[in-house]
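Peer 1: Mind having a look at this structure? Questions to follow.
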Amino acid sequence: MTQVRGCDRRQKHDDMKSIAILTGGGPAPGMNTVVASVAKTFLRDGYRVIGLHGGYSSLFTENPRMQDIDFLVADEIFNKGGSILKMSRFKPTDEDFEKRFNLNLFKDNDIKLLVTVGGDDTASTANRIAKFLADKHYPIANIHVPKTIDNDLPLPNSSPTFGYNSAKAQGTVICTAVMEDARTSENWFVVSAMGRSAGHLALGIAGACHYPMVVIPEFFNKTEITVEKIINLVVSCIVKRKLMGINYGAAMISEGVFHSLSDEEIKNSGIHFSYDEHGHPELGKVSKAHIFNDLLERKVKQLGLKVKSRPVEVGYEIRCHTPIAFDLTYCSLMGMGVHTLYNQGCTGCMVYSDHQGNVKPLYLKDLQDPVTGKIPPRLVNVNSNKVQSYINDIMDYITPADYEAAKKYLPNPEEYDFKRILNWE
């Protein structure tokens with residue numbers, strides 16, 4: 001087994017029971033806070049705390065990268081961004097379990113609990129591992145700490161996923177500066193924010209910055225998402241602000257609308273992509289902001305509008321940011337909650353902390369779709385007062401009252417009516 005250099009605080013562990021922690025998926029602010037809080041609580045009970053690098057890949061090799069997490073390490077990392085434990089999206093296959101699972105890692109280190117930090121895929125794999133070990137007559141407990149900056153896990157009582165508020169806060173800093181640049185230079189910016197399935201992050205940042213236009217997949221609840229509709233929504237905002245005497249602005253577009261486009265729609269957009277072995281465009285390799293800005297430039301040129309726009313992508317730079325106070329407290333509660341649930345005999349569950357700080361187990365079966373077995377994403381409720389207030393009171397777009405004046409810029413203003421585009425009339 002490989003011990004990470006600079007972290008070798010070896011001691012005799014022959015008679016010491018252990019827990020193991022790994023992190024899967026992509027980063028989110030607060031991961032170190034969870035790891036540190038789990039470590040501190042179990043160290044107090046005399047456990048050895050083993051950190052595993054490389055996510056689940058560490059369990060399917062004879063030479064896993066391991067790191068003992070003692071109090072000094074935990075205390076040093078708890079308020080830092082990123083993850084001390086190197087992450088991976090590795091997802092084991094049935095063949096991996098059959099041929100490469102390192103059972104001796106658990107036996108030799110007397111591991112009693114596997115703590116996983118990640119999304120729903122990470123949680124599902126943790127359950128597979130616990131079942132596999134039970135079949136090998138080495139039962140262990142497994143408890144999962146859910147995270148995603150997308151805020152799309154359906155936690156009870158609209159509780160946020162950890163990392164979301166910190167990512168939103170840093171995204172707001174970036175996008176506030178973008179809006180100031182637009183105001184100063186009298187330009188437009190097309191901004192894209194992460195959120196593969198839901199528009200929480202894009203809407204949260206845009207709302208905090210008073211962006212005059214935001215486009216999220218949930219807006220298209222009564223019509224199909226197309227490239228033309230997305231771009232027309234932005235044009236609607238640009239023209240409305242021209243009518244208001246404002247020649248600048250920023251439009252936030254969630255990456256989720258891009259991922260919701262059909263393959264045919266993407267091919268017809270005129271944007272060139274690389275394609276995977278199944279013939280699907282590799283959307284993860286491209287900047288959504290650059291694509292949307294390119295499409296917008298074509299449209300405004302076609303309409304003869306004098307508009308200069310620039311793309312800004314908000315994504316990777318907010319995933320490893322220092323967690324804000326909310327997430328430091330929230331992640332600490334969930335880390336300590338792992339210890340609480342373990343002592344209560346819970347296993348095969350996710351840790352959940354409500355708004356009062358009460359810790360409860362949350363089981364995957366309670367969140368999964370009974371037919372598909374998948375966890376459906378929590379979507380933005382576009383009918384909520386919060387969303388409707390932003391749409392009606394902050395966003396700028398063409399309405400029927402603007403049709404006559406808008407003919408100065410558009411031959412057919414009704415095609416750029418926000419609510420008509422979305423079939424919300």
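Every chain in the structure tokens takes a letter, A first, then B, and so on in the order presented; its residues are numbered from 1, and the ligands are numbered from 1 following the presented order.
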Write out as CSV the residues of stretch 80-165 of chain A that have any atom within 8 Å of an atom of stretch 310-327 of chain A, one row each with the nearest atom pair and its distance in Å to one decimal, counting only C-alpha atoms, sorted by chain and then rising number.
Peer 2:
residue,atom,partner,partner_atom,distance
A:Lys80,CA,A:Thr322,CA,5.4
A:Gly81,CA,A:Thr322,CA,4.2
A:Gly82,CA,A:Cys320,CA,4.3
A:Ser83,CA,A:Cys320,CA,7.9
A:Ile149,CA,A:Arg319,CA,7.4
A:Phe162,CA,A:Asp327,CA,6.2
A:Gly163,CA,A:Asp327,CA,6.3
A:Asn165,CA,A:Asp327,CA,7.0
Peer 1: For the residues selected in the previous step, produce a file with C-alpha atoms as a CSV table (one decimal), in the first residue's frame.
Peer 2:
chain,number,residue,atom,x,y,z
A,80,LYS,CA,-9.9,25.0,3.1
A,81,GLY,CA,-11.3,24.6,-0.4
A,82,GLY,CA,-10.7,21.6,-2.6
A,83,SER,CA,-10.2,18.1,-1.2
A,149,ILE,CA,-22.8,22.6,-6.3
A,162,PHE,CA,-23.4,21.3,0.6
A,163,GLY,CA,-21.1,23.5,-1.6
A,165,ASN,CA,-24.1,28.3,-1.3
Peer 1: Can you list, as a list in words, every protein, DNA or RNA residue that comes within 7 Å of stretch 171-175 of chain A when you count only C-alpha atoms, leaving out same-chain residues fewer than 4 positions away?
Peer 2: Ala167, Met179, Ile205, Ala208, Cys209, Val314 and Ile318 of chain A
Peer 1: Restrict the selected residues to C-alpha atoms and save them as a short mmCIF file (atom, residue, chain, number, x, y, z; two decimals), in the first residue's frame.
Peer 2:
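Writing the result to selection.cif gives the following:
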data_model
loop_
_atom_site.label_atom_id
_atom_site.label_comp_id
_atom_site.auth_asym_id
_atom_site.auth_seq_id
_atom_site.Cartn_x
_atom_site.Cartn_y
_atom_site.Cartn_z
CA ALA A 167 -20.24 28.21 -5.20
CA MET A 179 -21.91 43.21 -14.91
CA ILE A 205 -26.11 33.81 -9.24
CA ALA A 208 -28.00 37.91 -6.71
CA CYS A 209 -26.48 40.07 -9.48
CA VAL A 314 -18.51 30.23 -14.65
CA ILE A 318 -15.95 28.02 -8.13
#
Peer 1: Excluding same-chain residues fewer than 6 positions from stretch 357-373 of chain A, what lies within 12 Å of it counting only C-alpha atoms, as a short mmCIF file (atom, residue, chain, number, x, y, z; two decimals) with N, CA and C atoms, in the first residue's frame?
Peer 2:
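part37.cif, freshly written:
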data_model
loop_
_atom_site.label_atom_id
_atom_site.label_comp_id
_atom_site.auth_asym_id
_atom_site.auth_seq_id
_atom_site.Cartn_x
_atom_site.Cartn_y
_atom_site.Cartn_z
N GLY A 119 -21.84 12.47 -5.11
CA GLY A 119 -23.20 12.58 -5.59
C GLY A 119 -23.94 11.27 -5.47
N ASP A 120 -25.07 11.14 -6.18
CA ASP A 120 -25.89 9.93 -6.05
C ASP A 120 -25.20 8.70 -6.63
N ASP A 121 -24.37 8.87 -7.67
CA ASP A 121 -23.63 7.73 -8.21
C ASP A 121 -22.66 7.18 -7.16
N THR A 122 -22.00 8.08 -6.43
CA THR A 122 -21.08 7.66 -5.38
C THR A 122 -21.82 6.91 -4.29
N ALA A 123 -23.02 7.36 -3.94
CA ALA A 123 -23.82 6.70 -2.92
C ALA A 123 -24.25 5.31 -3.37
N SER A 124 -24.67 5.18 -4.62
CA SER A 124 -25.12 3.89 -5.15
C SER A 124 -23.97 2.87 -5.14
N THR A 125 -22.77 3.33 -5.51
CA THR A 125 -21.62 2.44 -5.51
C THR A 125 -21.26 2.01 -4.09
N ALA A 126 -21.40 2.91 -3.13
CA ALA A 126 -21.14 2.57 -1.72
C ALA A 126 -22.04 1.44 -1.27
N ASN A 127 -23.30 1.47 -1.67
CA ASN A 127 -24.23 0.39 -1.32
C ASN A 127 -23.82 -0.92 -1.98
N ASN A 142 -21.80 1.55 5.85
CA ASN A 142 -21.43 2.61 4.91
C ASN A 142 -22.41 3.77 5.05
N ILE A 143 -21.86 4.96 5.16
CA ILE A 143 -22.67 6.18 5.29
C ILE A 143 -22.14 7.18 4.27
N HIS A 144 -23.06 7.82 3.57
CA HIS A 144 -22.72 8.72 2.48
C HIS A 144 -23.06 10.16 2.84
N VAL A 145 -22.18 11.08 2.43
CA VAL A 145 -22.43 12.51 2.61
C VAL A 145 -22.66 13.11 1.22
N PRO A 146 -23.90 13.55 0.91
CA PRO A 146 -24.21 14.02 -0.45
C PRO A 146 -23.72 15.43 -0.71
N LEU A 153 -30.03 17.58 -5.77
CA LEU A 153 -30.45 16.38 -5.06
C LEU A 153 -31.73 16.70 -4.29
N PRO A 154 -32.74 15.84 -4.36
CA PRO A 154 -34.04 16.14 -3.74
C PRO A 154 -34.03 15.94 -2.23
N LEU A 155 -33.26 16.75 -1.51
CA LEU A 155 -33.22 16.67 -0.05
C LEU A 155 -34.52 17.22 0.53
N PRO A 156 -34.95 16.72 1.69
CA PRO A 156 -36.21 17.18 2.28
C PRO A 156 -36.19 18.67 2.63
N SER A 159 -33.75 21.66 1.60
CA SER A 159 -32.40 21.85 2.14
C SER A 159 -31.39 21.86 1.00
N PHE A 326 -21.67 29.51 6.00
CA PHE A 326 -22.82 28.60 5.95
C PHE A 326 -22.36 27.16 5.74
N THR A 329 -20.34 25.52 8.64
CA THR A 329 -21.22 25.01 9.71
C THR A 329 -22.00 23.79 9.24
N TYR A 330 -22.56 23.88 8.05
CA TYR A 330 -23.39 22.81 7.49
C TYR A 330 -22.58 21.53 7.31
N CYS A 331 -21.38 21.65 6.74
CA CYS A 331 -20.54 20.47 6.50
C CYS A 331 -20.01 19.88 7.80
N SER A 332 -19.75 20.73 8.78
CA SER A 332 -19.34 20.24 10.09
C SER A 332 -20.46 19.40 10.71
N LEU A 333 -21.70 19.91 10.60
CA LEU A 333 -22.84 19.17 11.15
C LEU A 333 -22.98 17.81 10.47
N MET A 334 -22.80 17.75 9.15
CA MET A 334 -22.95 16.48 8.45
C MET A 334 -21.79 15.54 8.76
N GLY A 335 -20.59 16.09 8.91
CA GLY A 335 -19.46 15.25 9.28
C GLY A 335 -19.64 14.64 10.67
N MET A 336 -20.06 15.46 11.61
CA MET A 336 -20.35 14.95 12.95
C MET A 336 -21.56 14.02 12.92
N GLY A 337 -22.47 14.30 11.97
CA GLY A 337 -23.66 13.46 11.84
C GLY A 337 -23.33 12.04 11.42
N VAL A 338 -22.26 11.85 10.66
CA VAL A 338 -21.82 10.50 10.29
C VAL A 338 -21.54 9.70 11.56
N HIS A 339 -20.84 10.32 12.49
CA HIS A 339 -20.51 9.68 13.77
C HIS A 339 -21.78 9.34 14.54
N THR A 340 -22.73 10.27 14.57
CA THR A 340 -23.99 10.06 15.28
C THR A 340 -24.76 8.88 14.70
N LEU A 341 -24.91 8.85 13.38
CA LEU A 341 -25.66 7.79 12.73
C LEU A 341 -24.98 6.44 12.89
N TYR A 342 -23.66 6.43 12.81
CA TYR A 342 -22.92 5.17 12.98
C TYR A 342 -23.15 4.60 14.37
N GLN A 344 -25.69 5.01 16.11
CA GLN A 344 -27.09 4.57 16.19
C GLN A 344 -27.33 3.28 15.42
N GLY A 345 -26.28 2.79 14.75
CA GLY A 345 -26.39 1.55 14.00
C GLY A 345 -26.90 1.71 12.58
N CYS A 346 -26.90 2.93 12.08
CA CYS A 346 -27.39 3.18 10.72
C CYS A 346 -26.35 2.77 9.68
N THR A 347 -26.80 2.29 8.56
CA THR A 347 -25.91 1.97 7.45
C THR A 347 -26.70 2.01 6.15
N GLY A 348 -25.99 2.14 5.03
CA GLY A 348 -26.65 2.19 3.73
C GLY A 348 -27.49 3.45 3.56
N CYS A 349 -27.07 4.53 4.19
CA CYS A 349 -27.86 5.75 4.18
C CYS A 349 -27.00 6.97 3.87
N MET A 350 -27.67 8.08 3.60
CA MET A 350 -27.02 9.37 3.49
C MET A 350 -27.30 10.14 4.77
N VAL A 351 -26.34 10.99 5.14
CA VAL A 351 -26.56 11.83 6.32
C VAL A 351 -27.28 13.09 5.87
#
Peer 1: Pick the closest to A:Gly24 from A:Ser309, A:Ser58, A:Ser384, A:Asn392: which is it, counting only C-alpha atoms?
Peer 2: A:Ser58
Peer 1: Given the choices A:Thr23, A:Ile50, A:Gln356, A:Asp152, which gets closest to A:Ser88 if the distance is worked out from only C-alpha atoms?
Peer 2: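 Among the listed residues, the smallest separation from A:Ser88 belongs to A:Thr23.
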Peer 1: Output as a PyMOL selection string all residues of stretch 7-159 of chain A that backbone DSSP marks as helix (DSSP H, G or I).
Peer 2: chain A and resi 31-44+55-59+71-77+94-99+103-108+120-135+156-158
Peer 1: Create the file for the chosen residues now, containing C-alpha atoms and written as a tab-separated table (two decimals), in the first residue's frame.
Peer 2:
chain	number	residue	atom	x	y	z
A	31	MET	CA	-15.33	18.65	1.17
A	32	ASN	CA	-12.37	19.15	3.48
A	33	THR	CA	-14.76	20.35	6.18
A	34	VAL	CA	-16.69	17.07	5.97
A	35	VAL	CA	-13.53	14.95	5.97
A	36	ALA	CA	-12.04	16.87	8.90
A	37	SER	CA	-15.24	16.74	10.97
A	38	VAL	CA	-15.65	13.00	10.40
A	39	ALA	CA	-12.02	12.48	11.37
A	40	LYS	CA	-12.13	14.57	14.55
A	41	THR	CA	-15.22	12.82	15.92
A	42	PHE	CA	-13.95	9.28	15.26
A	43	LEU	CA	-10.43	10.04	16.50
A	44	ARG	CA	-11.97	10.95	19.85
A	55	GLY	CA	-12.15	7.69	-5.14
A	56	TYR	CA	-13.35	4.14	-5.67
A	57	SER	CA	-10.34	3.25	-7.78
A	58	SER	CA	-8.45	2.91	-4.48
A	59	LEU	CA	-10.53	-0.17	-3.61
A	71	PHE	CA	-6.07	15.58	14.44
A	72	LEU	CA	-3.37	17.95	13.15
A	73	VAL	CA	-4.19	17.13	9.52
A	74	ALA	CA	-7.92	17.46	10.16
A	75	ASP	CA	-7.51	20.75	11.98
A	76	GLU	CA	-5.38	22.17	9.18
A	77	ILE	CA	-7.75	21.32	6.32
A	94	ASP	CA	-19.06	-6.14	-12.29
A	95	GLU	CA	-15.73	-7.41	-13.60
A	96	ASP	CA	-13.88	-5.03	-11.28
A	97	PHE	CA	-15.75	-6.47	-8.30
A	98	GLU	CA	-15.09	-10.03	-9.44
A	99	LYS	CA	-11.40	-9.71	-10.28
A	103	LEU	CA	-10.77	-7.26	0.28
A	104	ASN	CA	-7.50	-7.38	2.22
A	105	LEU	CA	-7.55	-3.57	2.47
A	106	PHE	CA	-10.60	-3.87	4.74
A	107	LYS	CA	-9.45	-6.97	6.62
A	108	ASP	CA	-5.85	-5.89	7.24
A	120	ASP	CA	-25.89	9.93	-6.05
A	121	ASP	CA	-23.63	7.73	-8.21
A	122	THR	CA	-21.08	7.66	-5.38
A	123	ALA	CA	-23.82	6.70	-2.92
A	124	SER	CA	-25.12	3.89	-5.15
A	125	THR	CA	-21.62	2.44	-5.51
A	126	ALA	CA	-21.14	2.57	-1.72
A	127	ASN	CA	-24.23	0.39	-1.32
A	128	ARG	CA	-22.86	-2.07	-3.89
A	129	ILE	CA	-19.59	-2.31	-1.97
A	130	ALA	CA	-21.33	-2.87	1.36
A	131	LYS	CA	-23.44	-5.66	-0.17
A	132	PHE	CA	-20.36	-7.20	-1.81
A	133	LEU	CA	-18.49	-7.23	1.51
A	134	ALA	CA	-21.47	-8.75	3.30
A	135	ASP	CA	-21.54	-11.54	0.71
A	156	PRO	CA	-36.21	17.18	2.28
A	157	ASN	CA	-37.57	20.64	3.11
A	158	SER	CA	-35.67	22.27	0.23
Peer 1: Using only C-alpha atoms for the distances, tell me which of A:Gly207, A:Pro92, A:Gly118, A:Pro413 is nearest to A:Tyr397.
Peer 2: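 Closest to A:Tyr397 of all the choices is A:Pro413.
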Peer 1: Based on DSSP run over this structure's backbone, return all residues of stretch 29-238 of chain A in strand (DSSP E or B), as a VMD selection string.
Peer 2: chain A and resid 48 to 52 65 to 68 88 111 to 118 141 to 147 162 188 to 193 213 to 215
Peer 1: Kindly indicate which residue among A:Arg298, A:Leu243, A:Ser389, A:Ala198 lies nearest to A:Pro376, using only C-alpha atoms for the distances.
Peer 2: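 Among the listed residues, A:Ala198 lies closest to A:Pro376.
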Peer 1: Measure the distance from atom CA of A:Tyr47 to atom CA of A:Phe78 in Å and round it to one decimal.
Peer 2: 18.6 Å
